[in-house]
$ cat input13.tsv   # TSV, C-alpha atoms and all ligand atoms
chain	number	residue	atom	x	y	z
A	24	MET	CA	-50.73	16.06	36.53
A	25	PRO	CA	-53.57	15.86	33.98
A	26	ASP	CA	-53.08	13.22	31.30
A	27	ARG	CA	-53.33	15.51	28.25
A	28	VAL	CA	-50.93	17.39	26.03
A	29	PHE	CA	-51.02	21.06	26.87
A	30	ASN	CA	-49.42	23.21	24.17
A	31	ILE	CA	-47.44	26.26	25.15
A	32	GLY	CA	-46.30	29.11	22.91
A	33	VAL	CA	-43.53	31.34	24.20
A	34	VAL	CA	-43.46	34.95	22.97
A	35	GLY	CA	-40.05	36.53	23.35
A	36	ALA	CA	-36.98	34.38	22.68
A	37	GLY	CA	-34.62	36.60	24.67
A	38	LEU	CA	-32.61	36.14	27.85
A	39	VAL	CA	-35.26	34.88	30.25
A	40	ALA	CA	-36.82	32.55	27.69
A	41	GLN	CA	-33.42	31.04	26.91
A	42	THR	CA	-32.31	30.81	30.54
A	43	ALA	CA	-35.56	29.66	32.12
A	44	HIS	CA	-38.81	29.13	30.21
A	45	LEU	CA	-37.90	27.11	27.13
A	46	THR	CA	-36.08	24.46	29.14
A	47	ALA	CA	-38.78	24.55	31.83
A	48	VAL	CA	-41.55	23.84	29.32
A	49	ARG	CA	-39.53	21.05	27.73
A	50	LYS	CA	-38.83	19.49	31.14
A	51	SER	CA	-42.45	19.65	32.26
A	52	ARG	CA	-44.29	16.35	31.89
A	53	ALA	CA	-47.53	18.31	31.67
A	54	ALA	CA	-46.67	20.58	28.75
A	55	GLU	CA	-45.32	20.62	25.23
A	56	LEU	CA	-43.16	23.40	23.77
A	57	TYR	CA	-45.43	23.91	20.76
A	58	ALA	CA	-44.33	27.32	19.48
A	59	ILE	CA	-41.80	30.12	19.84
A	60	CYS	CA	-42.55	33.62	18.60
A	61	ASP	CA	-40.11	36.50	18.15
A	62	VAL	CA	-40.07	39.39	15.69
A	63	ALA	CA	-36.30	38.98	15.34
A	64	GLY	CA	-36.13	36.31	12.62
A	65	ASP	CA	-32.42	35.48	13.09
A	66	LEU	CA	-32.87	35.03	16.86
A	67	LEU	CA	-36.01	32.95	16.33
A	68	ARG	CA	-34.18	30.59	13.97
A	69	ARG	CA	-31.19	30.11	16.27
A	70	VAL	CA	-33.30	29.56	19.38
A	71	ALA	CA	-35.67	27.22	17.53
A	72	ASP	CA	-32.66	25.18	16.33
A	73	ILE	CA	-31.83	24.53	19.98
A	74	HIS	CA	-35.31	23.90	21.39
A	75	ARG	CA	-37.16	22.42	18.37
A	76	PRO	CA	-40.74	23.65	18.84
A	77	ALA	CA	-43.39	22.32	16.43
A	78	ARG	CA	-43.93	25.80	15.04
A	79	THR	CA	-42.24	29.20	14.92
A	80	PHE	CA	-43.89	32.58	14.41
A	81	ALA	CA	-42.49	36.02	13.64
A	82	ASP	CA	-46.01	37.43	14.01
A	83	TYR	CA	-47.66	37.27	17.43
A	84	ASP	CA	-51.22	37.50	16.04
A	85	ALA	CA	-50.52	34.45	13.86
A	86	MET	CA	-49.46	32.46	16.93
A	87	LEU	CA	-52.63	33.50	18.74
A	88	ASP	CA	-54.70	32.41	15.71
A	89	ASP	CA	-53.32	28.89	16.03
A	90	GLU	CA	-55.98	26.96	17.93
A	91	ASN	CA	-53.44	24.35	19.07
A	92	VAL	CA	-51.88	26.92	21.41
A	93	ASP	CA	-53.41	26.47	24.88
A	94	ALA	CA	-51.30	28.98	26.78
A	95	VAL	CA	-48.77	31.73	26.13
A	96	ILE	CA	-45.69	32.56	28.17
A	97	VAL	CA	-45.15	36.32	27.82
A	98	ALA	CA	-41.37	36.77	28.07
A	99	VAL	CA	-40.93	40.26	26.61
A	100	ALA	CA	-39.91	43.64	28.06
A	101	ASP	CA	-41.98	44.87	31.03
A	102	GLU	CA	-43.69	47.63	28.97
A	103	PHE	CA	-45.12	44.99	26.59
A	104	HIS	CA	-46.56	42.66	29.27
A	105	ALA	CA	-50.00	44.25	29.36
A	106	PRO	CA	-50.83	44.54	25.64
A	107	LEU	CA	-49.47	41.07	24.77
A	108	SER	CA	-51.16	39.37	27.75
A	109	VAL	CA	-54.53	41.01	27.11
A	110	LYS	CA	-54.36	39.96	23.44
A	111	ALA	CA	-53.63	36.36	24.42
A	112	LEU	CA	-56.45	36.29	26.98
A	113	GLU	CA	-58.89	37.77	24.43
A	114	ALA	CA	-57.79	35.01	22.03
A	115	GLY	CA	-58.81	32.44	24.64
A	116	LYS	CA	-55.29	31.47	25.77
A	117	HIS	CA	-54.14	31.02	29.35
A	118	VAL	CA	-51.19	33.27	30.24
A	119	LEU	CA	-47.99	33.07	32.27
A	120	VAL	CA	-46.60	36.60	32.24
A	121	GLU	CA	-43.13	37.46	33.47
A	122	LYS	CA	-42.84	39.68	36.51
A	123	PRO	CA	-43.51	42.53	37.07
A	124	MET	CA	-47.07	41.95	35.92
A	125	ALA	CA	-47.19	45.47	34.45
A	126	THR	CA	-45.62	48.89	34.84
A	127	THR	CA	-48.82	50.69	35.92
A	128	VAL	CA	-51.69	49.90	38.26
A	129	GLU	CA	-54.21	50.44	35.43
A	130	ASP	CA	-52.44	48.00	33.07
A	131	ALA	CA	-52.38	45.31	35.77
A	132	GLN	CA	-56.08	45.90	36.45
A	133	ALA	CA	-56.86	45.59	32.71
A	134	MET	CA	-54.98	42.27	32.57
A	135	ALA	CA	-56.86	40.92	35.60
A	136	GLU	CA	-60.14	42.05	34.05
A	137	ALA	CA	-59.30	40.41	30.69
A	138	ALA	CA	-58.59	37.11	32.48
A	139	ARG	CA	-61.93	37.31	34.33
A	140	ARG	CA	-63.89	38.29	31.22
A	141	ASN	CA	-62.45	35.43	29.17
A	142	ASP	CA	-62.45	32.91	32.02
A	143	ARG	CA	-58.72	32.21	31.55
A	144	VAL	CA	-55.90	31.70	34.04
A	145	ILE	CA	-53.28	34.42	34.40
A	146	LEU	CA	-50.20	33.47	36.40
A	147	VAL	CA	-47.52	36.06	37.20
A	148	GLY	CA	-43.95	34.76	37.05
A	149	HIS	CA	-42.88	35.32	40.65
A	150	GLU	CA	-40.98	32.03	40.58
A	151	LYS	CA	-39.67	32.26	44.16
A	152	ARG	CA	-43.03	30.96	45.37
A	153	TYR	CA	-42.04	27.56	43.93
A	154	ASP	CA	-38.76	27.45	45.86
A	155	PRO	CA	-39.44	24.55	48.26
A	156	GLY	CA	-37.57	26.33	51.08
A	157	VAL	CA	-39.63	29.50	50.70
A	158	ALA	CA	-42.84	27.44	50.38
A	159	PHE	CA	-41.91	25.51	53.56
A	160	ALA	CA	-41.44	28.82	55.40
A	161	ARG	CA	-44.84	30.02	54.16
A	162	ASP	CA	-46.55	26.82	55.36
A	163	PHE	CA	-44.80	27.02	58.72
A	164	ILE	CA	-45.91	30.66	59.11
A	165	ARG	CA	-49.49	29.75	58.19
A	166	ASP	CA	-49.76	26.60	60.32
A	167	GLU	CA	-47.35	26.82	63.25
A	168	ILE	CA	-45.73	30.18	63.94
A	169	GLY	CA	-48.78	31.58	65.78
A	170	GLU	CA	-49.45	35.30	65.73
A	171	LEU	CA	-47.09	37.17	63.40
A	172	ILE	CA	-45.05	39.80	65.23
A	173	ALA	CA	-42.47	41.01	62.72
A	174	LEU	CA	-40.98	40.19	59.34
A	175	LYS	CA	-37.66	41.28	57.86
A	176	HIS	CA	-36.89	40.55	54.23
A	177	TRP	CA	-33.79	41.62	52.34
A	178	TYR	CA	-32.89	41.39	48.66
A	179	ALA	CA	-29.46	42.64	47.69
A	180	ASP	CA	-28.09	42.21	44.21
A	181	SER	CA	-24.34	41.69	43.95
A	182	THR	CA	-21.75	43.83	42.19
A	183	TYR	CA	-20.43	40.48	40.89
A	184	ARG	CA	-23.78	39.35	39.52
A	185	TYR	CA	-22.73	39.26	35.86
A	186	SER	CA	-19.77	37.00	36.63
A	187	VAL	CA	-22.20	34.69	38.39
A	188	THR	CA	-25.00	34.84	35.82
A	189	ASP	CA	-22.59	34.45	32.88
A	190	THR	CA	-21.38	31.28	34.58
A	191	LEU	CA	-24.84	29.88	35.16
A	192	GLN	CA	-26.71	30.90	31.99
A	193	PRO	CA	-26.48	29.03	28.71
A	194	ILE	CA	-24.77	31.04	25.95
A	195	ILE	CA	-27.40	33.69	25.21
A	196	GLU	CA	-28.37	34.21	21.57
A	197	SER	CA	-29.19	37.82	20.76
A	198	SER	CA	-30.21	39.97	17.79
A	199	THR	CA	-30.06	43.61	16.77
A	200	ALA	CA	-33.60	43.10	15.41
A	201	ALA	CA	-35.02	42.33	18.89
A	202	LEU	CA	-38.00	44.53	19.73
A	203	ARG	CA	-37.49	46.72	22.79
A	204	PRO	CA	-39.61	49.60	24.12
A	205	PRO	CA	-38.85	53.05	22.68
A	206	GLY	CA	-36.41	55.29	24.51
A	207	ASP	CA	-34.25	53.72	27.17
A	208	PRO	CA	-36.51	52.50	30.00
A	209	LYS	CA	-33.57	50.80	31.74
A	210	GLY	CA	-31.68	54.13	31.72
A	211	ASP	CA	-33.73	55.32	34.70
A	212	ARG	CA	-31.93	53.04	37.15
A	213	GLN	CA	-34.15	53.85	40.13
A	214	ARG	CA	-37.30	52.83	38.24
A	215	TYR	CA	-35.65	49.85	36.56
A	216	TYR	CA	-34.23	48.35	39.79
A	217	VAL	CA	-37.65	48.54	41.42
A	218	LEU	CA	-39.31	46.83	38.43
A	219	ALA	CA	-36.62	44.18	38.08
A	220	HIS	CA	-35.83	43.44	41.74
A	221	GLY	CA	-38.42	45.25	43.85
A	222	SER	CA	-41.13	43.14	42.23
A	223	HIS	CA	-39.48	39.99	43.67
A	224	LEU	CA	-38.94	41.64	47.07
A	225	PHE	CA	-42.58	42.65	47.45
A	226	ASP	CA	-43.98	39.36	46.20
A	227	THR	CA	-41.94	37.28	48.64
A	228	ALA	CA	-42.79	39.68	51.50
A	229	ARG	CA	-46.50	39.34	50.69
A	230	TYR	CA	-46.24	35.58	50.21
A	231	LEU	CA	-44.76	35.19	53.69
A	232	GLY	CA	-46.39	38.06	55.58
A	233	GLY	CA	-49.72	38.56	53.82
A	234	PRO	CA	-51.21	41.73	52.34
A	235	ILE	CA	-49.30	45.01	52.74
A	236	GLU	CA	-51.38	48.08	53.59
A	237	ALA	CA	-48.85	50.90	53.61
A	238	MET	CA	-45.17	51.71	53.52
A	239	ARG	CA	-42.67	54.47	54.29
A	240	ALA	CA	-39.32	54.34	52.51
A	241	ARG	CA	-35.94	56.02	52.40
A	242	LEU	CA	-33.44	55.77	49.55
A	243	SER	CA	-29.69	56.21	49.66
A	244	THR	CA	-27.76	56.51	46.39
A	245	LYS	CA	-24.29	56.73	47.97
A	246	ALA	CA	-21.36	55.38	45.95
A	247	GLY	CA	-23.53	54.45	42.99
A	248	THR	CA	-25.60	52.07	45.09
A	249	HIS	CA	-29.40	52.23	45.34
A	250	CYS	CA	-30.39	51.20	48.85
A	251	TRP	CA	-34.03	51.35	49.93
A	252	PHE	CA	-35.00	50.75	53.56
A	253	ILE	CA	-38.75	50.27	53.69
A	254	GLU	CA	-40.98	50.26	56.73
A	255	VAL	CA	-44.05	48.16	56.00
A	256	ALA	CA	-47.46	47.86	57.68
A	257	PHE	CA	-48.93	44.42	57.04
A	258	ALA	CA	-52.72	44.17	57.13
A	259	ASP	CA	-52.69	41.95	60.24
A	260	GLY	CA	-50.57	44.41	62.24
A	261	CYS	CA	-47.28	42.55	61.72
A	262	LEU	CA	-44.31	44.96	61.58
A	263	GLY	CA	-42.27	44.77	58.39
A	264	HIS	CA	-38.81	45.91	57.38
A	265	LEU	CA	-37.72	45.41	53.78
A	266	ASP	CA	-34.30	46.13	52.30
A	267	LEU	CA	-33.75	46.44	48.54
A	268	THR	CA	-30.12	47.11	47.61
A	269	VAL	CA	-28.59	47.18	44.13
A	270	ALA	CA	-25.83	46.29	44.56
A	271	VAL	CA	-23.83	45.17	47.61
A	272	ARG	CA	-20.06	44.70	47.38
A	273	MET	CA	-20.33	41.01	48.17
A	274	ASP	CA	-22.26	37.96	46.98
A	275	TRP	CA	-26.01	37.96	46.28
A	276	TRP	CA	-27.73	38.37	49.64
A	277	GLU	CA	-31.40	37.52	49.88
A	278	GLY	CA	-33.32	36.19	52.83
A	279	PHE	CA	-35.87	36.67	55.56
A	280	GLN	CA	-36.48	36.37	59.27
A	281	VAL	CA	-39.94	36.11	60.75
A	282	TYR	CA	-40.94	36.26	64.43
A	283	GLY	CA	-44.16	34.68	65.65
A	284	SER	CA	-45.76	34.00	69.03
A	285	GLU	CA	-45.04	30.23	68.71
A	286	GLY	CA	-41.76	30.20	66.80
A	287	SER	CA	-39.59	31.83	64.21
A	288	VAL	CA	-38.21	31.14	60.76
A	289	LEU	CA	-35.02	32.17	59.03
A	290	GLY	CA	-34.19	31.77	55.32
A	291	LYS	CA	-31.32	32.31	52.91
A	292	VAL	CA	-32.41	32.46	49.28
A	293	PHE	CA	-30.12	31.93	46.28
A	294	HIS	CA	-30.02	33.58	42.86
A	295	PRO	CA	-32.79	31.93	40.81
A	296	TRP	CA	-30.46	30.67	38.07
A	297	TYR	CA	-28.93	28.23	40.61
A	298	LEU	CA	-32.24	26.35	40.91
A	299	ARG	CA	-31.19	25.74	44.51
A	300	ALA	CA	-33.70	25.55	47.34
A	301	ALA	CA	-33.49	28.28	49.98
A	302	GLU	CA	-31.81	27.21	53.22
A	303	VAL	CA	-34.58	27.55	55.76
A	304	GLN	CA	-34.68	26.84	59.48
A	305	ALA	CA	-37.92	26.99	61.42
A	306	PHE	CA	-38.06	26.88	65.20
A	307	SER	CA	-41.21	25.55	66.83
A	308	ALA	CA	-41.52	26.71	70.44
A	309	ARG	CA	-44.16	24.03	71.15
A	310	GLN	CA	-41.77	21.24	70.18
A	311	ALA	CA	-38.57	23.06	71.21
A	312	GLN	CA	-37.12	21.95	67.88
A	313	PHE	CA	-35.53	23.40	64.78
A	314	ARG	CA	-36.70	21.99	61.45
A	315	GLN	CA	-34.96	22.26	58.09
A	316	PRO	CA	-36.51	21.11	54.79
A	317	LEU	CA	-34.47	19.34	52.10
A	318	GLY	CA	-36.18	20.89	49.04
A	319	ALA	CA	-34.90	18.34	46.53
A	320	ASP	CA	-36.87	19.66	43.56
A	321	ALA	CA	-36.13	23.37	43.25
A	322	ASP	CA	-36.65	23.57	39.47
A	323	VAL	CA	-38.79	26.65	40.05
A	324	PHE	CA	-39.47	27.56	36.43
A	325	ARG	CA	-40.62	23.99	35.62
A	326	LEU	CA	-42.78	23.90	38.75
A	327	GLN	CA	-44.27	27.19	37.55
A	328	VAL	CA	-45.21	25.64	34.19
A	329	ASP	CA	-46.72	22.61	35.99
A	330	ASP	CA	-48.79	25.00	38.12
A	331	LEU	CA	-50.08	26.87	35.06
A	332	VAL	CA	-51.15	23.63	33.36
A	333	SER	CA	-52.78	22.22	36.48
A	334	ALA	CA	-54.73	25.44	37.16
A	335	ALA	CA	-55.80	25.75	33.51
A	336	LEU	CA	-56.96	22.15	33.13
A	337	THR	CA	-58.40	21.38	36.55
A	338	ARG	CA	-59.38	24.88	37.64
A	339	SER	CA	-57.58	24.29	40.93
A	340	PRO	CA	-56.23	27.44	42.63
A	341	LEU	CA	-52.76	28.57	41.59
A	342	ARG	CA	-49.84	27.82	43.91
A	343	GLY	CA	-48.11	30.80	42.39
A	344	ALA	CA	-48.94	34.48	42.03
A	345	ALA	CA	-52.46	35.13	40.75
A	346	ALA	CA	-53.63	38.39	39.15
A	347	GLU	CA	-54.39	40.02	42.51
A	348	ASP	CA	-50.86	39.22	43.73
A	349	GLY	CA	-49.29	40.69	40.59
A	350	LEU	CA	-51.46	43.79	40.94
A	351	ALA	CA	-50.57	44.16	44.63
A	352	CYS	CA	-46.86	44.10	43.70
A	353	VAL	CA	-47.39	46.79	41.07
A	354	ARG	CA	-49.15	48.90	43.72
A	355	ALA	CA	-46.26	48.30	46.12
A	356	MET	CA	-43.68	49.40	43.52
A	357	VAL	CA	-45.61	52.61	42.84
A	358	ALA	CA	-46.10	53.23	46.58
A	359	LEU	CA	-42.34	52.83	47.10
A	360	ALA	CA	-41.56	55.54	44.54
A	361	ARG	CA	-44.24	57.88	45.95
A	362	SER	CA	-43.02	57.36	49.50
A	363	VAL	CA	-39.42	58.18	48.59
A	364	ASP	CA	-40.63	61.36	46.85
A	365	ARG	CA	-42.87	62.47	49.72
A	366	GLY	CA	-40.85	61.12	52.64
A	367	ASP	CA	-44.03	59.84	54.22
A	368	TRP	CA	-46.34	56.84	54.57
A	369	VAL	CA	-48.24	55.83	51.43
A	370	ALA	CA	-51.27	53.53	51.43
A	371	LEU	CA	-51.19	50.97	48.62
A	372	ALA	CA	-54.93	51.24	47.99
A	373	ASP	CA	-54.50	54.95	47.10
A	374	VAL	CA	-51.84	54.67	44.40
A	375	THR	CA	-52.50	55.00	40.68
A	376	GLY	CA	-50.32	55.16	37.56
A	377	GLY	CA	-46.72	53.98	37.43
A	378	GLN	CA	-43.50	54.95	39.16
A	401	LIG	N1	-38.29	35.94	36.70
A	401	LIG	C1	-37.04	36.35	36.64
A	401	LIG	O1	-36.26	36.07	37.53
A	401	LIG	C2	-36.60	37.19	35.47
A	401	LIG	C3	-35.25	37.28	35.11
A	401	LIG	C4	-34.92	38.03	33.99
A	401	LIG	C5	-35.89	38.73	33.26
A	401	LIG	N2	-37.19	38.63	33.67
A	401	LIG	C6	-38.27	39.36	32.92
A	401	LIG	O2	-38.42	38.77	31.64
A	401	LIG	C7	-38.91	39.73	30.71
A	401	LIG	C8	-38.07	39.64	29.45
A	401	LIG	O3	-36.74	39.97	29.72
A	401	LIG	P1	-35.55	39.55	28.74
A	401	LIG	O4	-34.29	40.03	29.39
A	401	LIG	O5	-35.66	38.11	28.35
A	401	LIG	O6	-35.88	40.48	27.44
A	401	LIG	P2	-35.19	40.47	26.00
A	401	LIG	O7	-35.32	41.86	25.51
A	401	LIG	O8	-33.85	39.79	26.06
A	401	LIG	O9	-36.13	39.51	25.13
A	401	LIG	C9	-37.42	39.85	24.77
A	401	LIG	C10	-37.68	39.36	23.34
A	401	LIG	O10	-39.07	39.61	23.05
A	401	LIG	C11	-39.19	39.93	21.68
A	401	LIG	N3	-40.45	40.64	21.46
A	401	LIG	C12	-40.87	41.81	22.03
A	401	LIG	N4	-42.09	42.14	21.61
A	401	LIG	C13	-42.49	41.17	20.75
A	401	LIG	C14	-43.67	40.95	19.99
A	401	LIG	N5	-44.69	41.82	20.01
A	401	LIG	N6	-43.74	39.84	19.22
A	401	LIG	C15	-42.70	38.97	19.17
A	401	LIG	N7	-41.56	39.12	19.87
A	401	LIG	C16	-41.45	40.21	20.65
A	401	LIG	C17	-37.97	40.77	21.39
A	401	LIG	O11	-37.68	40.79	20.01
A	401	LIG	C18	-36.89	40.09	22.26
A	401	LIG	O12	-36.14	39.15	21.52
A	401	LIG	C19	-38.84	41.08	31.43
A	401	LIG	O13	-40.13	41.43	31.85
A	401	LIG	C20	-37.96	40.83	32.64
A	401	LIG	O14	-38.32	41.61	33.76
A	401	LIG	C21	-37.55	37.89	34.74
$ encode --input "input13.tsv" --output "structure tokens" --more "lines below"
Ligand SMILES: NC(=O)c1ccc[n+]([C@@H]2O[C@H](COP(=O)([O-])OP(=O)(O)OC[C@H]3O[C@@H](n4cnc5c(N)ncnc54)[C@H](O)[C@@H]3O)[C@@H](O)[C@H]2O)c1
Amino acid sequence: MPDRVFNIGVVGAGLVAQTAHLTAVRKSRAAELYAICDVAGDLLRRVADIHRPARTFADYDAMLDDENVDAVIVAVADEFHAPLSVKALEAGKHVLVEKPMATTVEDAQAMAEAARRNDRVILVGHEKRYDPGVAFARDFIRDEIGELIALKHWYADSTYRYSVTDTLQPIIESSTAALRPPGDPKGDRQRYYVLAHGSHLFDTARYLGGPIEAMRARLSTKAGTHCWFIEVAFADGCLGHLDLTVAVRMDWWEGFQVYGSEGSVLGKVFHPWYLRAAEVQAFSARQAQFRQPLGADADVFRLQVDDLVSAALTRSPLRGAAAEDGLACVRAMVALARSVDRGDWVALADVTGGQ
């Protein structure tokens, strides 16, 4: 890690900041938690009492005016990702924006363009890429599995998720003054589940299987469950089957299975709040052996901060999701909605707008 203090300002002091980012920045040896910004003054005070940043801001523009801020973590509602990220990039800050990168293809493109224009790093918070089990599977696929034949990836939220997350999260401070998008964007459950969970599903599928060209999806809403089965065409001809289900009547169920000409790999992924490496087994046909990584450091949100700092200071490529990956996930989410509506294949390159 570079030997220099790298100051981070976090905008949004809500759930994900309190559960993941503030602790991650403080744990990183590469970064300093310099500032927290939230329009909700009472929330800002309570969260700052816990995490002790050098400065607090109720006004985002004032935080961006502070030249000590090197990078901003954008931890606000999905609808605000694009305007707040573009502002930070225009102010010369590097950006780590929560997933999904944006809610429309055009917003994601504008963010990527702002990063290019201002020569700044934009990292999209698809933290599963830092899970050492998932990363091991990716390396095995790239280096040893041979020709990719097929990939299955499933992501099923649990009906018991709030019991689990309440157990794992710190006590979450909240405020009636918190700024949320107008209307009730989370009220449209189909759209919201795709933004919240589908973004993870598509990023991991792309991380393991490469670019996705097209998809055809079906949706069942039986018994209050949203279950998408998605047929995917990867660019290299690999067959894909993705399953997004919110929620199964059992524990969180996320994983993948990949078949190649020289081996196969199987993974079970845990809810991110556990900070527990995926259990992954890779079989190499050449060696007639199974291999299983330990994955001792699965502090994915801290590893994500380390990646941001390293890419910003040394201009090395990101380990995590770059702008084009975030944009590809936004395209995939829109393609999923279009495909369900039309009941047919949809090419990702053709989609515009949002869900
Ligand atoms: N990576 C993950 O696994 C994961 C998990 C949970 C949430 N998220 C993502 O994190 C993001 C935030 O979710 P959350 O549940 O923490 O939201 P939240 O609503 O709890 O918190 C957001 C905070 O941002 C503040 N805010 C909004 N606009 C602001 C502005 N212009 N200036 C200052 N403060 C502003 C609000 O007042 C609020 O306190 C979402 O995009 C969500 O999808 C990601």
$ residues_around --input "input13.tsv" --residues "region 86-103 of chain A" --least-positions-apart "3" --cutoff "6 Å" --atoms "all atoms listed in the file" --output "number ranges by chain"
A: 30-35, 83, 106, 116-121
$ residues_near_ligand --input "input13.tsv" --ligand "ligand LIG 401 (chain A)" --cutoff "7 Å" --atoms "all atoms listed in the file" --output "number ranges by chain"
A: 34-40, 60-63, 81-83, 98-101, 103, 107, 121-123, 148-150, 200-203, 219, 295
$ closest_residue --input "input13.tsv" --among "A:Phe225, A:Phe80, A:Phe252, A:Tyr153" --to "Leu66 (chain A)" --atoms "only C-alpha atoms"
A:Phe80
$ closest_residue --input "input13.tsv" --among "A:Tyr297, A:Phe163, A:Tyr185, A:Phe29" --to "Ala321 (chain A)" --atoms "only C-alpha atoms"
A:Tyr297
$ atom_distance --input "input13.tsv" --atom1 "CA of Gly343 (chain A)" --atom2 "CA of Asp162 (chain A)"
13.7 Å
$ closest_residue --input "input13.tsv" --among "A:Val269, A:Ala240, A:Ala345, A:Leu317" --to "Pro155 (chain A)" --atoms "only C-alpha atoms"
A:Leu317
$ atom_distance --input "input13.tsv" --atom1 "CA of Pro193 (chain A)" --atom2 "CA of Gln41 (chain A)"
7.4 Å
$ closest_atom_pairs --input "input13.tsv" --of "region 244-336 of chain A" --to "region 354-361 of chain A" --cutoff "12 Å" --atoms "all atoms listed in the file" --output "CSV"
residue,atom,partner,partner_atom,distance
A:Trp251,CA,A:Leu359,CA,8.9
A:Phe252,CA,A:Leu359,CA,10.0
A:Ile253,CA,A:Leu359,CA,7.9
A:Glu254,CA,A:Leu359,CA,10.1
A:Val255,CA,A:Ala355,CA,10.1
A:Ala256,CA,A:Ala355,CA,11.6
A:Phe257,CA,A:Ala355,CA,11.9
A:Leu265,CA,A:Leu359,CA,11.0
A:Asp266,CA,A:Leu359,CA,11.7
A:Leu267,CA,A:Leu359,CA,10.8
$ residues_near_point --input "input13.tsv" --point "(-30.9, 55.5, 42.6)" --cutoff "12 Å" --atoms "only C-alpha atoms" --output "ChimeraX atom specification"
/A:210-217,241-251,267-270,360,363
$ atom_distance --input "input13.tsv" --atom1 "CA of Lys151 (chain A)" --atom2 "CA of Leu341 (chain A)"
13.8 Å
$ residues_around --input "input13.tsv" --residues "Cys352 (chain A)" --least-positions-apart "6" --cutoff "12 Å" --atoms "only C-alpha atoms" --output "PyMOL selection string"
chain A and resi 122-128+131-132+147-149+217-230+233-236+344-346+358-359+371-372+374+377
$ write_last_selection --input "input13.tsv" --atoms "C-alpha atoms" --output "CSV table (one decimal), in the frame of the given file"
chain,number,residue,atom,x,y,z
A,122,LYS,CA,-42.8,39.7,36.5
A,123,PRO,CA,-43.5,42.5,37.1
A,124,MET,CA,-47.1,42.0,35.9
A,125,ALA,CA,-47.2,45.5,34.4
A,126,THR,CA,-45.6,48.9,34.8
A,127,THR,CA,-48.8,50.7,35.9
A,128,VAL,CA,-51.7,49.9,38.3
A,131,ALA,CA,-52.4,45.3,35.8
A,132,GLN,CA,-56.1,45.9,36.4
A,147,VAL,CA,-47.5,36.1,37.2
A,148,GLY,CA,-44.0,34.8,37.0
A,149,HIS,CA,-42.9,35.3,40.6
A,217,VAL,CA,-37.6,48.5,41.4
A,218,LEU,CA,-39.3,46.8,38.4
A,219,ALA,CA,-36.6,44.2,38.1
A,220,HIS,CA,-35.8,43.4,41.7
A,221,GLY,CA,-38.4,45.2,43.8
A,222,SER,CA,-41.1,43.1,42.2
A,223,HIS,CA,-39.5,40.0,43.7
A,224,LEU,CA,-38.9,41.6,47.1
A,225,PHE,CA,-42.6,42.6,47.4
A,226,ASP,CA,-44.0,39.4,46.2
A,227,THR,CA,-41.9,37.3,48.6
A,228,ALA,CA,-42.8,39.7,51.5
A,229,ARG,CA,-46.5,39.3,50.7
A,230,TYR,CA,-46.2,35.6,50.2
A,233,GLY,CA,-49.7,38.6,53.8
A,234,PRO,CA,-51.2,41.7,52.3
A,235,ILE,CA,-49.3,45.0,52.7
A,236,GLU,CA,-51.4,48.1,53.6
A,344,ALA,CA,-48.9,34.5,42.0
A,345,ALA,CA,-52.5,35.1,40.8
A,346,ALA,CA,-53.6,38.4,39.2
A,358,ALA,CA,-46.1,53.2,46.6
A,359,LEU,CA,-42.3,52.8,47.1
A,371,LEU,CA,-51.2,51.0,48.6
A,372,ALA,CA,-54.9,51.2,48.0
A,374,VAL,CA,-51.8,54.7,44.4
A,377,GLY,CA,-46.7,54.0,37.4
$ closest_residue --input "input13.tsv" --among "A:Val28, A:Ala53, A:Met134, A:Val187" --to "Leu146 (chain A)" --atoms "only C-alpha atoms"
A:Met134
$ residues_near_point --input "input13.tsv" --point "(-18.6, 46.4, 44.1)" --cutoff "8 Å" --atoms "all atoms listed in the file" --output "PDB file with C-alpha atoms, keeping the file's coordinate frame"
ATOM      1  CA  SER A 181     -24.340  41.690  43.950  1.00  0.00           C
ATOM      2  CA  THR A 182     -21.750  43.830  42.190  1.00  0.00           C
ATOM      3  CA  TYR A 183     -20.430  40.480  40.890  1.00  0.00           C
ATOM      4  CA  ALA A 270     -25.830  46.290  44.560  1.00  0.00           C
ATOM      5  CA  VAL A 271     -23.830  45.170  47.610  1.00  0.00           C
ATOM      6  CA  ARG A 272     -20.060  44.700  47.380  1.00  0.00           C
ATOM      7  CA  MET A 273     -20.330  41.010  48.170  1.00  0.00           C
TER       8      MET A 273
END
$ closest_residue --input "input13.tsv" --among "A:Ala173, A:Ala301, A:Pro340, A:Ala237" --to "Leu262 (chain A)" --atoms "all atoms listed in the file"
A:Ala173
$ closest_residue --input "input13.tsv" --among "A:Val353, A:Val328, A:Ala335, A:Ala158" --to "Arg52 (chain A)" --atoms "all atoms listed in the file"
A:Val328
$ decode --input "input13.tsv" --residues "region 75-87 of chain A" --atoms "C-alpha atoms" --output "PDB file, in the first residue's frame"
ATOM      1  CA  ARG A  75     -14.855  10.406  15.009  1.00  0.00           C
ATOM      2  CA  PRO A  76     -14.030  11.820  11.564  1.00  0.00           C
ATOM      3  CA  ALA A  77     -11.906  14.988  11.432  1.00  0.00           C
ATOM      4  CA  ARG A  78     -14.801  16.905   9.902  1.00  0.00           C
ATOM      5  CA  THR A  79     -18.567  16.657   9.462  1.00  0.00           C
ATOM      6  CA  PHE A  80     -20.683  18.313   6.780  1.00  0.00           C
ATOM      7  CA  ALA A  81     -24.429  18.778   6.399  1.00  0.00           C
ATOM      8  CA  ASP A  82     -23.804  20.275   2.962  1.00  0.00           C
ATOM      9  CA  TYR A  83     -22.341  18.029   0.257  1.00  0.00           C
ATOM     10  CA  ASP A  84     -20.938  20.929  -1.797  1.00  0.00           C
ATOM     11  CA  ALA A  85     -19.005  22.124   1.260  1.00  0.00           C
ATOM     12  CA  MET A  86     -17.406  18.680   1.631  1.00  0.00           C
ATOM     13  CA  LEU A  87     -16.440  18.708  -2.040  1.00  0.00           C
TER      14      LEU A  87
END
